[in-house]
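File shown: upload.cif (mmCIF, C-alpha atoms).
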```cif
data_model
loop_
_atom_site.label_atom_id
_atom_site.label_comp_id
_atom_site.auth_asym_id
_atom_site.auth_seq_id
_atom_site.Cartn_x
_atom_site.Cartn_y
_atom_site.Cartn_z
CA MET A 203 86.96 187.11 75.93
CA ALA A 204 84.64 184.11 75.44
CA PRO A 205 85.50 181.01 77.51
CA GLU A 206 87.33 178.23 75.67
CA LYS A 207 85.24 175.40 74.26
CA ARG A 208 86.39 171.84 73.72
CA ILE A 209 84.87 168.76 72.10
CA ASP A 210 83.64 166.08 74.51
CA PRO A 211 84.64 162.73 72.87
CA GLU A 212 81.62 161.04 74.46
CA THR A 213 78.89 163.39 73.18
CA LYS A 214 80.84 165.05 70.31
CA LYS A 215 79.55 168.42 71.57
CA ALA A 216 81.58 171.59 72.07
CA MET A 217 81.39 172.73 75.67
CA THR A 218 83.10 175.04 78.13
CA LEU A 219 84.67 173.53 81.24
CA LYS A 220 81.72 174.86 83.25
CA GLU A 221 79.21 173.21 80.88
CA LEU A 222 81.18 169.93 80.97
CA ALA A 223 81.24 169.99 84.78
CA LYS A 224 77.48 170.58 84.82
CA ALA A 225 76.85 167.72 82.37
CA TYR A 226 78.84 165.23 84.47
CA SER A 227 77.92 166.64 87.89
CA GLY A 228 77.07 163.92 90.39
CA LYS A 229 78.67 161.21 88.25
CA TYR A 230 82.33 162.15 88.54
CA THR A 231 84.54 164.22 90.84
CA LYS A 232 85.78 167.70 89.94
CA GLU A 233 89.33 166.35 89.64
CA GLU A 234 88.27 163.60 87.23
CA ILE A 235 86.31 166.06 85.09
CA SER A 236 89.24 168.50 85.06
CA ASN A 237 91.69 165.76 83.99
CA TYR A 238 89.25 164.62 81.31
CA TRP A 239 88.97 168.21 80.01
CA LYS A 240 92.77 168.61 79.84
CA ASP A 241 93.73 165.17 78.49
CA GLU A 242 90.86 164.05 76.25
CA CYS A 243 88.83 167.05 75.09
CA LYS A 244 90.26 168.80 72.02
CA VAL A 245 89.93 172.53 71.45
CA ALA A 246 86.89 173.34 69.27
CA LYS A 247 87.59 175.46 66.18
CA ASP A 248 85.27 178.48 66.06
CA GLU A 249 83.68 179.24 62.68
CA PRO A 250 84.39 182.83 61.53
CA ALA A 251 81.36 185.15 61.36
CA PRO A 252 80.25 185.74 57.69
CA LYS A 253 80.99 189.21 56.23
CA ALA A 254 78.41 191.15 54.23
CA LYS A 255 80.76 192.02 51.33
CA THR A 256 81.92 188.47 50.70
CA LYS A 257 78.62 186.55 50.52
CA ALA A 258 79.75 184.55 47.54
CA LYS A 259 82.92 183.53 49.27
CA ALA A 260 81.00 182.66 52.40
CA LYS A 261 78.82 180.32 50.35
CA ALA A 262 81.82 178.67 48.82
CA GLU A 263 83.49 178.26 52.18
CA PRO A 264 81.85 174.90 53.09
CA LYS A 265 84.36 173.23 50.73
CA ALA A 266 86.97 173.60 53.44
CA GLU A 267 84.63 172.04 56.01
CA PRO A 268 85.79 168.44 55.50
CA LYS A 269 89.05 169.41 57.23
CA ALA A 270 87.14 170.05 60.44
CA LYS A 271 85.34 166.71 60.06
CA ALA A 272 88.60 164.92 59.37
CA GLU A 273 89.96 166.13 62.70
CA PRO A 274 89.02 162.94 64.63
CA LYS A 275 91.81 161.16 62.68
CA ALA A 276 93.88 160.74 65.83
CA LYS A 277 91.41 158.27 67.33
CA ALA A 278 92.99 157.94 70.70
CA GLU A 279 90.29 156.00 72.51
CA PRO A 280 88.52 158.41 74.86
CA LYS A 281 88.83 157.45 78.49
CA PRO A 282 85.59 158.19 80.37
CA PRO A 283 86.03 160.42 83.40
CA SER A 284 84.90 157.55 85.64
CA LYS A 285 88.21 155.85 85.03
CA GLY A 286 90.15 158.98 85.97
CA GLY A 287 92.46 158.52 82.98
CA ASP A 288 95.23 155.95 82.56
CA VAL A 289 96.14 154.33 85.90
CA MET A 290 99.71 153.86 84.63
CA THR A 291 100.17 157.63 84.93
CA LYS A 292 99.17 157.49 88.63
CA LEU A 293 101.35 154.66 89.89
CA ALA A 294 102.19 155.02 93.60
CA HIS A 295 100.76 158.56 93.74
CA LEU A 296 98.91 157.79 97.01
CA ILE A 297 101.94 156.62 99.00
CA PHE A 298 104.48 158.75 100.89
CA ASP A 299 107.45 156.67 99.68
CA ASP A 300 111.07 157.75 99.32
CA ALA A 301 110.45 159.51 95.99
CA THR A 302 107.55 161.51 97.44
CA MET A 303 109.28 162.29 100.74
CA LYS A 304 112.27 163.66 98.84
CA LYS A 305 110.01 166.32 97.30
CA TYR A 306 108.39 167.41 100.57
CA VAL A 307 111.21 167.51 103.14
CA PRO A 308 114.59 169.29 103.17
CA PRO A 309 117.46 167.25 101.63
CA LYS A 310 119.35 166.99 104.95
CA VAL A 311 116.26 165.64 106.69
CA PHE A 312 115.64 163.08 103.95
CA LYS A 313 119.27 161.88 104.01
CA LYS A 314 119.32 161.53 107.80
CA PHE A 315 115.96 159.71 107.79
CA GLN A 316 117.36 157.14 105.33
CA GLU A 317 120.43 156.65 107.52
CA ASP A 318 118.21 156.16 110.58
CA LEU A 319 116.28 153.41 108.81
CA VAL A 320 119.50 151.43 108.34
CA SER A 321 121.05 152.14 111.75
CA GLY A 322 117.79 151.99 113.75
CA ASP A 323 118.51 155.34 115.39
CA PRO A 324 115.47 157.41 116.44
CA THR A 325 114.41 160.39 114.31
CA SER A 326 115.36 163.69 115.96
CA GLU A 327 112.60 166.07 117.11
CA ASP A 328 113.53 168.69 114.50
CA ASP A 329 113.43 166.09 111.74
CA GLN A 330 110.10 164.77 113.03
CA LYS A 331 108.61 168.24 112.70
CA ALA A 332 109.92 168.64 109.15
CA ILE A 333 108.59 165.21 108.11
CA ALA A 334 105.17 165.83 109.70
CA LYS A 335 104.93 169.21 107.98
CA GLY A 336 105.81 167.75 104.56
CA MET A 337 103.50 164.76 104.99
CA PHE A 338 100.61 167.02 106.02
CA LYS A 339 101.09 169.22 102.93
CA TRP A 340 101.15 166.16 100.66
CA ALA A 341 98.10 164.58 102.33
CA ARG A 342 96.04 167.78 102.05
CA GLU A 343 96.95 168.09 98.35
CA HIS A 344 95.27 164.69 97.93
CA GLY A 345 92.13 165.66 99.86
CA CYS A 346 92.89 164.00 103.22
CA THR A 347 90.88 165.16 106.22
CA ASP A 348 91.95 162.43 108.65
CA PHE A 349 94.91 160.30 109.68
CA ALA A 350 94.99 156.93 111.41
CA HIS A 351 97.58 154.70 113.04
CA TRP A 352 96.98 151.38 111.28
CA PHE A 353 98.01 148.36 113.35
CA PHE A 354 97.46 144.60 113.47
CA PRO A 355 96.38 143.36 116.93
CA CYS A 356 96.31 139.68 117.88
CA ARG A 357 92.60 138.91 117.54
CA GLY A 358 92.64 135.13 117.86
CA GLY A 359 91.27 134.85 114.33
CA SER A 360 90.46 136.97 111.34
CA GLY A 361 86.76 136.51 110.78
CA ALA A 362 84.78 134.03 108.75
CA VAL A 363 86.06 135.07 105.29
CA GLY A 364 89.66 134.57 106.39
CA GLY A 365 92.55 136.96 105.88
CA ALA A 366 94.05 139.42 108.33
CA VAL A 367 92.09 142.31 109.77
CA GLY A 368 93.86 145.59 110.49
CA ALA A 369 92.72 148.06 113.16
CA LEU A 370 92.54 151.85 113.02
CA LYS A 371 90.87 154.87 114.55
CA MET A 372 90.44 157.94 112.33
CA ASP A 373 91.62 161.22 113.84
CA THR A 374 90.83 164.52 112.14
CA LEU A 375 93.82 166.48 110.86
CA ILE A 376 93.36 169.26 113.41
CA ASP A 377 94.76 170.39 116.74
CA MET A 378 93.74 172.92 119.38
CA ASP A 379 95.40 176.29 119.78
CA PHE A 380 96.28 175.87 123.45
CA GLY A 381 98.03 179.24 123.45
CA SER A 382 94.69 180.99 123.00
CA LYS A 383 93.14 182.77 126.00
CA SER A 384 89.64 181.74 124.92
CA ALA A 385 87.84 179.25 127.14
CA ASN A 386 86.75 177.32 124.04
CA LYS A 387 90.07 176.96 122.27
CA PRO A 388 90.08 177.49 118.50
CA PHE A 389 91.47 174.71 116.34
CA PHE A 390 93.42 174.64 113.09
CA PRO A 391 94.41 172.07 110.40
CA VAL A 392 97.67 170.23 111.09
CA LEU A 393 99.27 166.80 111.42
CA PRO A 394 100.57 166.92 115.03
CA THR A 395 104.22 165.82 115.02
CA GLU A 396 104.05 163.78 118.22
CA ARG A 397 100.93 161.92 117.00
CA LEU A 398 102.53 160.97 113.69
CA PHE A 399 105.38 159.00 115.27
CA GLN A 400 103.58 157.66 118.35
CA GLY A 401 100.00 157.28 119.53
CA GLU A 402 98.20 156.01 122.61
CA THR A 403 95.04 153.93 122.53
CA ASP A 404 93.01 151.44 124.56
CA GLY A 405 94.99 148.26 125.09
CA SER A 406 92.73 146.77 127.75
CA SER A 407 90.75 144.73 125.22
CA PHE A 408 93.75 143.33 123.31
CA PRO A 409 93.72 140.48 124.05
CA ASN A 410 90.19 140.53 125.44
CA GLY A 411 89.66 140.00 129.18
CA GLY A 412 91.93 139.75 132.19
CA LEU A 413 92.57 141.98 135.19
CA ARG A 414 95.17 144.74 135.10
CA VAL A 415 95.93 147.92 136.97
CA THR A 416 94.37 151.01 135.40
CA HIS A 417 97.60 152.85 134.58
CA SER A 418 98.82 149.92 132.48
CA ALA A 419 95.61 149.49 130.45
CA ALA A 420 96.84 151.81 127.69
CA ALA A 421 98.71 150.55 124.64
CA PHE A 422 100.93 152.45 122.24
CA THR A 423 101.16 152.60 118.48
CA VAL A 424 104.52 153.49 116.92
CA TRP A 425 105.04 154.30 113.24
CA ASP A 426 106.96 151.54 111.47
CA ARG A 427 109.22 153.95 109.57
CA THR A 428 110.22 151.29 107.01
CA SER A 429 106.60 150.99 105.82
CA PRO A 430 105.51 154.27 104.14
CA PRO A 431 102.15 155.89 104.98
CA PHE A 432 99.52 155.83 102.23
CA ILE A 433 96.10 157.31 101.51
CA ALA A 434 92.87 155.29 101.59
CA GLY A 435 89.84 157.43 100.76
CA THR A 436 90.25 160.63 102.79
CA THR A 437 92.45 159.03 105.45
CA LEU A 438 96.24 159.03 105.72
CA ARG A 439 97.10 155.56 107.06
CA ILE A 440 100.29 155.18 109.07
CA PRO A 441 101.45 151.52 109.47
CA CYS A 442 102.32 150.90 113.13
CA SER A 443 103.54 148.46 115.76
CA PHE A 444 101.27 147.92 118.76
CA LEU A 445 102.80 147.53 122.25
CA THR A 446 101.58 147.41 125.84
CA HIS A 447 102.50 149.79 128.65
CA PHE A 448 105.31 147.35 129.54
CA GLY A 449 106.63 147.05 125.96
CA ARG A 450 105.11 143.64 125.28
CA SER A 451 103.96 142.88 121.75
CA ILE A 452 100.22 142.34 121.30
CA ASP A 453 100.22 142.56 117.51
CA GLU A 454 101.41 140.60 114.50
CA LYS A 455 103.78 143.24 113.09
CA THR A 456 106.19 143.58 116.04
CA PRO A 457 107.26 139.87 116.01
CA LEU A 458 107.87 140.20 112.26
CA LEU A 459 110.05 143.30 112.74
CA ARG A 460 111.99 141.61 115.54
CA SER A 461 112.55 138.51 113.42
CA MET A 462 113.78 140.70 110.53
CA ASP A 463 116.26 142.33 112.93
CA ALA A 464 117.44 138.89 114.08
CA VAL A 465 117.93 137.75 110.47
CA SER A 466 119.94 140.92 109.79
CA VAL A 467 122.20 140.56 112.85
CA GLN A 468 122.89 136.85 112.38
CA GLY A 469 123.06 137.15 108.60
CA LEU A 470 125.81 139.79 108.86
CA ARG A 471 127.73 137.47 111.24
CA LEU A 472 127.48 134.69 108.66
CA LEU A 473 128.61 136.94 105.79
CA LYS A 474 131.57 138.14 107.85
CA ALA A 475 132.56 134.55 108.70
CA LEU A 476 132.40 133.63 105.01
CA GLY A 477 134.38 136.69 103.98
CA LEU A 478 131.50 138.02 101.86
CA ALA A 479 129.91 141.48 101.62
CA SER A 480 132.06 142.84 104.43
CA ASP A 481 130.78 146.37 103.75
CA ALA A 482 127.10 145.44 104.32
CA ARG A 483 125.48 147.41 107.16
CA CYS A 484 122.26 145.39 107.35
CA LEU A 485 120.55 142.43 105.75
CA ARG A 486 117.10 143.15 104.31
CA SER A 487 114.37 140.49 104.28
CA TYR A 488 112.15 140.47 101.21
CA LEU A 489 108.74 138.87 100.70
CA GLY A 490 106.70 138.22 97.58
CA TRP A 491 103.18 136.94 98.31
CA GLU A 492 100.77 135.08 96.04
CA GLN A 493 97.21 135.37 97.33
CA GLU A 494 94.56 132.84 96.26
CA PHE A 495 90.85 133.38 96.91
CA PHE A 496 87.35 132.40 95.81
CA VAL A 497 84.88 134.91 94.36
CA ILE A 498 81.20 134.03 94.76
CA SER A 499 77.83 135.78 94.55
CA ALA A 500 77.13 137.81 97.72
CA SER A 501 73.43 136.82 97.60
CA LEU A 502 74.28 133.10 97.48
CA TYR A 503 76.88 133.58 100.23
CA LYS A 504 74.23 135.09 102.53
CA LYS A 505 72.01 132.02 102.04
CA ARG A 506 74.66 129.76 103.54
CA PRO A 507 74.88 130.21 107.34
CA ASP A 508 77.87 127.85 107.45
CA LEU A 509 79.85 130.07 105.05
CA VAL A 510 78.76 133.27 106.80
CA ASN A 511 79.71 132.04 110.27
CA THR A 512 82.74 129.84 109.61
CA GLY A 513 84.02 130.83 106.18
CA ARG A 514 83.66 127.23 104.92
CA THR A 515 80.92 124.80 103.93
CA LEU A 516 79.93 122.32 106.66
CA PHE A 517 77.12 120.49 104.84
CA GLY A 518 75.90 119.84 101.31
CA LYS A 519 77.11 117.59 98.50
CA LEU A 520 80.00 117.80 96.07
CA PRO A 521 79.33 119.59 92.75
CA THR A 522 78.84 117.62 89.53
CA ARG A 523 81.97 119.16 88.07
CA GLY A 524 84.93 120.01 90.23
CA GLN A 525 88.43 120.70 88.95
CA GLN A 526 88.78 117.67 86.69
CA MET A 527 91.05 118.16 83.65
CA ASP A 528 92.22 121.50 85.11
CA LEU A 529 89.71 123.31 82.89
CA ASN A 530 89.70 126.41 85.09
CA TYR A 531 93.45 126.88 85.52
CA PHE A 532 94.66 129.93 83.55
CA ALA A 533 91.38 130.02 81.62
CA PRO A 534 89.94 133.48 80.76
CA VAL A 535 88.63 135.21 83.87
CA PRO A 536 84.81 135.65 83.81
CA SER A 537 84.00 139.25 82.84
CA SER A 538 82.04 140.02 86.02
CA VAL A 539 84.96 138.87 88.18
CA ASP A 540 87.59 140.51 85.98
CA LYS A 541 85.93 143.91 86.54
CA LEU A 542 86.48 143.37 90.25
CA LEU A 543 90.09 142.23 89.84
CA VAL A 544 90.95 145.14 87.52
CA GLU A 545 89.54 147.72 89.92
CA VAL A 546 91.37 146.14 92.87
CA GLN A 547 94.59 146.08 90.85
CA GLN A 548 94.22 149.78 89.98
CA GLU A 549 93.58 150.77 93.60
CA MET A 550 96.63 148.82 94.77
CA LEU A 551 98.87 150.33 92.08
CA LYS A 552 97.84 153.83 93.12
CA ALA A 553 98.56 152.97 96.77
CA GLY A 554 102.11 151.88 95.91
CA THR A 555 101.74 148.09 95.70
CA PRO A 556 103.37 146.75 92.49
CA MET A 557 100.56 144.32 91.58
CA ALA A 558 101.90 142.18 88.75
CA VAL A 559 99.60 139.18 88.16
CA ARG A 560 95.92 138.20 88.12
CA HIS A 561 94.57 134.89 86.79
CA ASN A 562 92.20 131.95 87.25
CA GLU A 563 93.32 129.28 89.71
CA VAL A 564 92.70 125.52 89.59
CA ALA A 565 89.35 125.28 91.40
CA PRO A 566 86.13 126.66 89.89
CA GLY A 567 85.54 130.23 91.07
CA GLN A 568 89.11 130.48 92.39
CA HIS A 569 91.57 133.23 91.41
CA GLU A 570 94.98 134.59 92.33
CA MET A 571 96.65 138.00 92.42
CA SER A 572 100.21 138.84 93.42
CA PRO A 573 102.70 141.72 93.40
CA VAL A 574 106.43 142.01 92.81
CA PHE A 575 108.30 141.34 96.08
CA GLY A 576 109.14 144.08 98.58
CA VAL A 577 110.67 144.50 102.05
CA ALA A 578 108.89 141.90 104.20
CA ASN A 579 106.99 144.19 106.60
CA PHE A 580 105.91 146.59 103.82
CA SER A 581 104.85 143.64 101.65
CA SER A 582 102.84 142.15 104.56
CA ASP A 583 101.06 145.48 105.08
CA ASN A 584 100.21 145.50 101.38
CA ASN A 585 98.74 142.01 101.66
CA VAL A 586 96.42 143.05 104.51
CA TYR A 587 95.29 146.15 102.59
CA PHE A 588 94.77 144.01 99.46
CA MET A 589 92.38 141.68 101.29
CA GLU A 590 90.50 144.63 102.77
CA THR A 591 90.24 146.27 99.34
CA CYS A 592 88.97 143.07 97.68
CA ASN A 593 85.81 142.80 99.78
CA ARG A 594 85.20 146.56 99.83
CA VAL A 595 85.23 146.68 96.03
CA ALA A 596 83.44 143.31 95.69
CA ALA A 597 80.40 144.73 97.49
CA LYS A 598 79.89 147.17 94.58
CA TYR A 599 79.57 144.23 92.18
CA GLY A 600 77.36 142.04 94.38
CA LEU A 601 80.24 139.64 95.03
CA MET A 602 82.01 138.16 98.06
CA VAL A 603 85.69 137.22 98.31
CA LEU A 604 86.66 134.24 100.50
CA PHE A 605 90.24 133.95 101.80
CA HIS A 606 89.57 130.99 104.15
CA GLU A 607 92.14 128.22 103.73
CA LYS A 608 89.51 125.61 102.77
CA PRO A 609 86.08 127.10 101.94
CA PHE A 610 84.81 124.11 99.93
CA ALA A 611 85.25 120.35 100.32
CA GLY A 612 86.45 118.25 97.40
CA ILE A 613 88.38 121.03 95.59
CA ASN A 614 91.57 122.98 96.24
CA GLY A 615 91.86 125.38 99.15
CA ASN A 616 93.39 128.86 99.18
CA GLY A 617 97.15 129.15 99.45
CA LYS A 618 99.14 132.23 100.40
CA HIS A 619 102.54 131.44 99.00
CA ALA A 620 105.31 133.45 100.65
CA ASN A 621 108.54 133.75 98.66
CA TRP A 622 111.37 134.92 100.93
CA SER A 623 114.82 136.27 100.12
CA THR A 624 117.52 138.49 101.66
CA GLU A 625 119.90 141.14 100.38
CA GLY A 626 122.82 142.97 101.98
CA GLU A 627 122.53 146.77 102.25
CA PRO A 628 125.92 148.54 101.84
#
```
Same coordinates, now as C-alpha cells:
Amino acid sequence: MAPEKRIDPETKKAMTLKELAKAYSGKYTKEEISNYWKDECKVAKDEPAPKAKTKAKAKAEPKAEPKAKAEPKAKAEPKPPSKGGDVMTKLAHLIFDDATMKKYVPPKVFKKFQEDLVSGDPTSEDDQKAIAKGMFKWAREHGCTDFAHWFFPCRGGSGAVGGAVGALKMDTLIDMDFGSKSANKPFFPVLPTERLFQGETDGSSFPNGGLRVTHSAAAFTVWDRTSPPFIAGTTLRIPCSFLTHFGRSIDEKTPLLRSMDAVSVQGLRLLKALGLASDARCLRSYLGWEQEFFVISASLYKKRPDLVNTGRTLFGKLPTRGQQMDLNYFAPVPSSVDKLLVEVQQEMLKAGTPMAVRHNEVAPGQHEMSPVFGVANFSSDNNVYFMETCNRVAAKYGLMVLFHEKPFAGINGNGKHANWSTEGEP
C-alpha cells in the first residue's frame, strides 16, 4: 500500500510524512513536523488512473476538477512548524503540577501528598519512590536527559542587569547498578528517589569566604514541594531551599517559606479569635508580580561600560525627548520588541506560569509583563525564571533586557510591584 500523502499548506505540494520531514529537516524538530503533519496538512485526493475503454469519459472528467481546487475553502491559517502549533493547546504542559501528578502517580499517593502539603508532614519513603518514578516517566516523555535542584543563594547582588539569579547543577538522569559484580559498574536511566527530595552540594562558597571545619562545608538542597518541578530545555528543574550543615538559611527562598508559615500560624489565630473560618487548616499567601524592564539593542549596550558593569548609566546627557506627555504609555509595542515579548510569553505559558499582560510602560524603551497571582513561593520562582528567560530569548533578537531599578537618569525606573493576599484553606 502506497504511503499516505498530504498537502503542505506552505508549498501546496502533496508529500508523504517522510518527504515532509526531509523538506523541513534542520529547520524544525521531528515533533514539530509530526504535529504540523497531523494538524495542518490535509489528505491529498489521488486521481484515478484512466481506463482504456472509457477514453471519452476520461477526457470529460476535468469538469469535476474544480471541486478539488475549491477544497482550500476552509482557510484555517496554516501555522508554520516553527511555531509548534497553537500555544494555547500546550498550556502548562512542561510543569509537573497537580493535574499532571494525578496522571502519573497512584491515587492514594497523590491524595496523601496533597495532605502533606497542608500539614507539613514529610513524604513517606514509599510515596517518594512512587512520585520519583512517575516524574521520571513524564520527564522522559518530554525529552529530558538531566535534572537539577534549582535554588536561590544569597549572592550579595544579582549582576549588572538586575533581577535575581538562580543556581543549578545539571545531573544526568542515570544511576549506577551497584549490585553488579563488574568492577566498572553499568548504569541505567532513572531519577534517583533520594536525589529528587534532597541533594548535597558545595556550601563553602555561599556566602564567599570565611573559615569553617571541613565536615560542615557542605550545604543541602531540599525540594520545595509546594513549587512544582518544570522542564527547561532538556532539564527537569526542581525548585529547592538551600541550607547549611547546621540548618541555617543561606538562600532567599527559605526566609520566604518561613515567613509564609508564620503568616499561616498567626493568621489562623486571628481568624479563630474573630470567630471566622474556624475550619481552615492553613492560611495561604498569594503573590501577583508586575515586572517592568527596559529593552535595548545588545550592540549599543556593549558600547556602554557603565551599563555593562553597573546596570545603569553613570555619564552622558539626558535625551531630547523623555517621557513627556506620556506618549509611550500603553502605545503599540515596537514589532521587534513584541516578537521577544510574545516568545517569552509562550515559553512561560508552557512552563505553567499564567502570563496575562504585556504592554509599553511610561519611559521610552520600557515595558511590563505580569501573570495572574499564585502561591507566593511558586510565583516568586516564576518571576526568577521569567527574568532568566527574557535575556536568553533576547539574545536571539540582538536585544538586551535591563531589570535594574534605575538604568537611566531623568526617566522612570523599573518597578516590581508585588500584590499580596491571603486565603484560608479548609
Can you tell me which residues surround A:Phe496 at a distance of at most 7 Å, considering all atoms listed in the file, apart from same-chain residues fewer than 4 positions away, and format the answer as a PDB file with C-alpha atoms, keeping the file's coordinate frame?
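New file selection.pdb:
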```pdb
ATOM      1  CA  GLY A 567      85.540 130.230  91.070  1.00  0.00           C
ATOM      2  CA  GLN A 568      89.110 130.480  92.390  1.00  0.00           C
ATOM      3  CA  HIS A 569      91.570 133.230  91.410  1.00  0.00           C
ATOM      4  CA  VAL A 603      85.690 137.220  98.310  1.00  0.00           C
ATOM      5  CA  LEU A 604      86.660 134.240 100.500  1.00  0.00           C
ATOM      6  CA  PHE A 605      90.240 133.950 101.800  1.00  0.00           C
TER       7      PHE A 605
END
```
Checklist entry - What is the distance between atom CA of A:Arg483 and atom CA of A:Arg427, in Å to one decimal? => result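 A separation of 17.7 Å between them.
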Checklist entry - Which residues, written as number ranges by chain, have at least one atom at most 9 Å from A:His619, with all atoms listed in the file counted and residues fewer than 6 positions away on the same chain left out? => result A: 490-494
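Among the candidates A:Val465, A:Leu458, A:Val289, A:Ile333, the one nearest to A:Leu551 when counting all atoms listed in the file is A:Val289.
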Item to check | For atom CA of A:Pro457 and atom CA of A:Ala475, the interatomic separation in Å (one decimal) | outcome: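 About the pair atom CA of A:Pro457 and atom CA of A:Ala475: they are 26.9 Å apart.
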Checklist entry - Using the chain letters and numbers from the file, which residues does the PyMOL selection byres ((chain A and resi 348) around 10) grab, as number ranges by chain? => result A: 341-342, 345-347, 349-350, 371-376, 392-393, 433, 435-439
Okay, now the selection with C-alpha atoms, as a short mmCIF file (atom, residue, chain, number, x, y, z; two decimals), in the frame of the given file?
```cif
data_model
loop_
_atom_site.label_atom_id
_atom_site.label_comp_id
_atom_site.auth_asym_id
_atom_site.auth_seq_id
_atom_site.Cartn_x
_atom_site.Cartn_y
_atom_site.Cartn_z
CA ALA A 341 98.10 164.58 102.33
CA ARG A 342 96.04 167.78 102.05
CA GLY A 345 92.13 165.66 99.86
CA CYS A 346 92.89 164.00 103.22
CA THR A 347 90.88 165.16 106.22
CA PHE A 349 94.91 160.30 109.68
CA ALA A 350 94.99 156.93 111.41
CA LYS A 371 90.87 154.87 114.55
CA MET A 372 90.44 157.94 112.33
CA ASP A 373 91.62 161.22 113.84
CA THR A 374 90.83 164.52 112.14
CA LEU A 375 93.82 166.48 110.86
CA ILE A 376 93.36 169.26 113.41
CA VAL A 392 97.67 170.23 111.09
CA LEU A 393 99.27 166.80 111.42
CA ILE A 433 96.10 157.31 101.51
CA GLY A 435 89.84 157.43 100.76
CA THR A 436 90.25 160.63 102.79
CA THR A 437 92.45 159.03 105.45
CA LEU A 438 96.24 159.03 105.72
CA ARG A 439 97.10 155.56 107.06
#
```
Next on the checklist: For a quick check of understanding, using only C-alpha atoms, which of A:Glu607, A:Asp323, A:Asp329, A:Asp463 has the smallest distance to A:Thr515?
Outcome noted: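 So, comparing all the options, the nearest one is A:Glu607.
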Checklist entry - Once the PyMOL selection byres ((chain A and resi 401-418) around 7) has been applied to the shown file, what residues remain in the selection, as number ranges by chain? => result A: 355-357, 397, 400, 419-424, 446-447, 452
Next on the checklist: Just to confirm, what's the straight-line distance from atom CA of A:Arg460 to atom CA of A:Thr325 in Å (one decimal)?
Outcome noted: 19.0 Å
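Closest approach to A:Asn593 from the set A:Met217, A:Met378, A:Leu485, A:Val367 is made by A:Val367, with distances taken over only C-alpha atoms.
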Item to check | Selection as a ChimeraX atom specification: residues within 7 Å of (93.6, 145.0, 113.5), counting all atoms listed in the file | outcome: /A:353-355,367-370
Checklist entry - With distances taken over all atoms listed in the file, which of A:Asp288, A:Leu476, A:Phe610, A:Ala246 is nearest to A:Gly518? => result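 Checking each of A:Asp288, A:Leu476, A:Phe610, A:Ala246 against A:Gly518, counting all atoms listed in the file, the winner is A:Phe610.
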Checklist entry - Any chance you could work out the residue set of the PyMOL selection byres ((chain A and resi 539) around 12) here, as an MDAnalysis selection string? => result chainID A and resid 495:499 534:538 540:546 560:562 567:570 592 595:603
Item to check | Spatial neighbours of stretch 293-308 of chain A, max dist 6 Å, only C-alpha atoms, sep filter under 6 positions, as a list in words | outcome: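 Counting only the stated atoms, we get Gly336, Pro430, Pro431, Phe432, Ile433, Leu551, Lys552, Ala553 and Gly554 of chain A.
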Would you mind exporting C-alpha atoms of the selected residues as a PDB file, keeping the file's coordinate frame?
```pdb
ATOM      1  CA  GLY A 336     105.810 167.750 104.560  1.00  0.00           C
ATOM      2  CA  PRO A 430     105.510 154.270 104.140  1.00  0.00           C
ATOM      3  CA  PRO A 431     102.150 155.890 104.980  1.00  0.00           C
ATOM      4  CA  PHE A 432      99.520 155.830 102.230  1.00  0.00           C
ATOM      5  CA  ILE A 433      96.100 157.310 101.510  1.00  0.00           C
ATOM      6  CA  LEU A 551      98.870 150.330  92.080  1.00  0.00           C
ATOM      7  CA  LYS A 552      97.840 153.830  93.120  1.00  0.00           C
ATOM      8  CA  ALA A 553      98.560 152.970  96.770  1.00  0.00           C
ATOM      9  CA  GLY A 554     102.110 151.880  95.910  1.00  0.00           C
TER      10      GLY A 554
END
```
Next on the checklist: Calculated over only C-alpha atoms, which of the candidates A:Gln525, A:Gln330, A:Ser429, A:Ser382 has the smallest distance to A:Asn614?
Outcome noted: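 Result for the nearest residue to A:Asn614: A:Gln525.
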Quick one: residues within 12 Å of A:Glu221, all atoms listed in the file counted, chain neighbours fewer than 4 positions away excluded, as a short mmCIF file (atom, residue, chain, number, x, y, z; two decimals) with C-alpha atoms, in the frame of the given file?
```
data_model
loop_
_atom_site.label_atom_id
_atom_site.label_comp_id
_atom_site.auth_asym_id
_atom_site.auth_seq_id
_atom_site.Cartn_x
_atom_site.Cartn_y
_atom_site.Cartn_z
CA PRO A 205 85.50 181.01 77.51
CA GLU A 206 87.33 178.23 75.67
CA LYS A 207 85.24 175.40 74.26
CA ARG A 208 86.39 171.84 73.72
CA ILE A 209 84.87 168.76 72.10
CA ASP A 210 83.64 166.08 74.51
CA LYS A 215 79.55 168.42 71.57
CA ALA A 216 81.58 171.59 72.07
CA MET A 217 81.39 172.73 75.67
CA ALA A 225 76.85 167.72 82.37
CA TYR A 226 78.84 165.23 84.47
CA SER A 227 77.92 166.64 87.89
CA ILE A 235 86.31 166.06 85.09
CA SER A 236 89.24 168.50 85.06
CA TRP A 239 88.97 168.21 80.01
#
```
Item to check | Within-9 Å shell of (112.7, 139.8, 101.6) in input frame, only C-alpha atoms, as a PyMOL selection string | outcome: chain A and resi 486-490+575-579+581+621-625
Next on the checklist: Nearest residue to A:Met337 out of A:Leu473, A:Cys442, A:Leu398, A:Ile613, using all atoms listed in the file?
Outcome noted: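 Looking only at the distances to A:Met337, the closest residue turns out to be A:Leu398.
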Item to check | Nearby residues (all atoms listed in the file) at most 7 Å from A:Pro609, same-chain spacing under 5 positions excluded, as a ChimeraX atom specification | outcome: /A:513-515,615
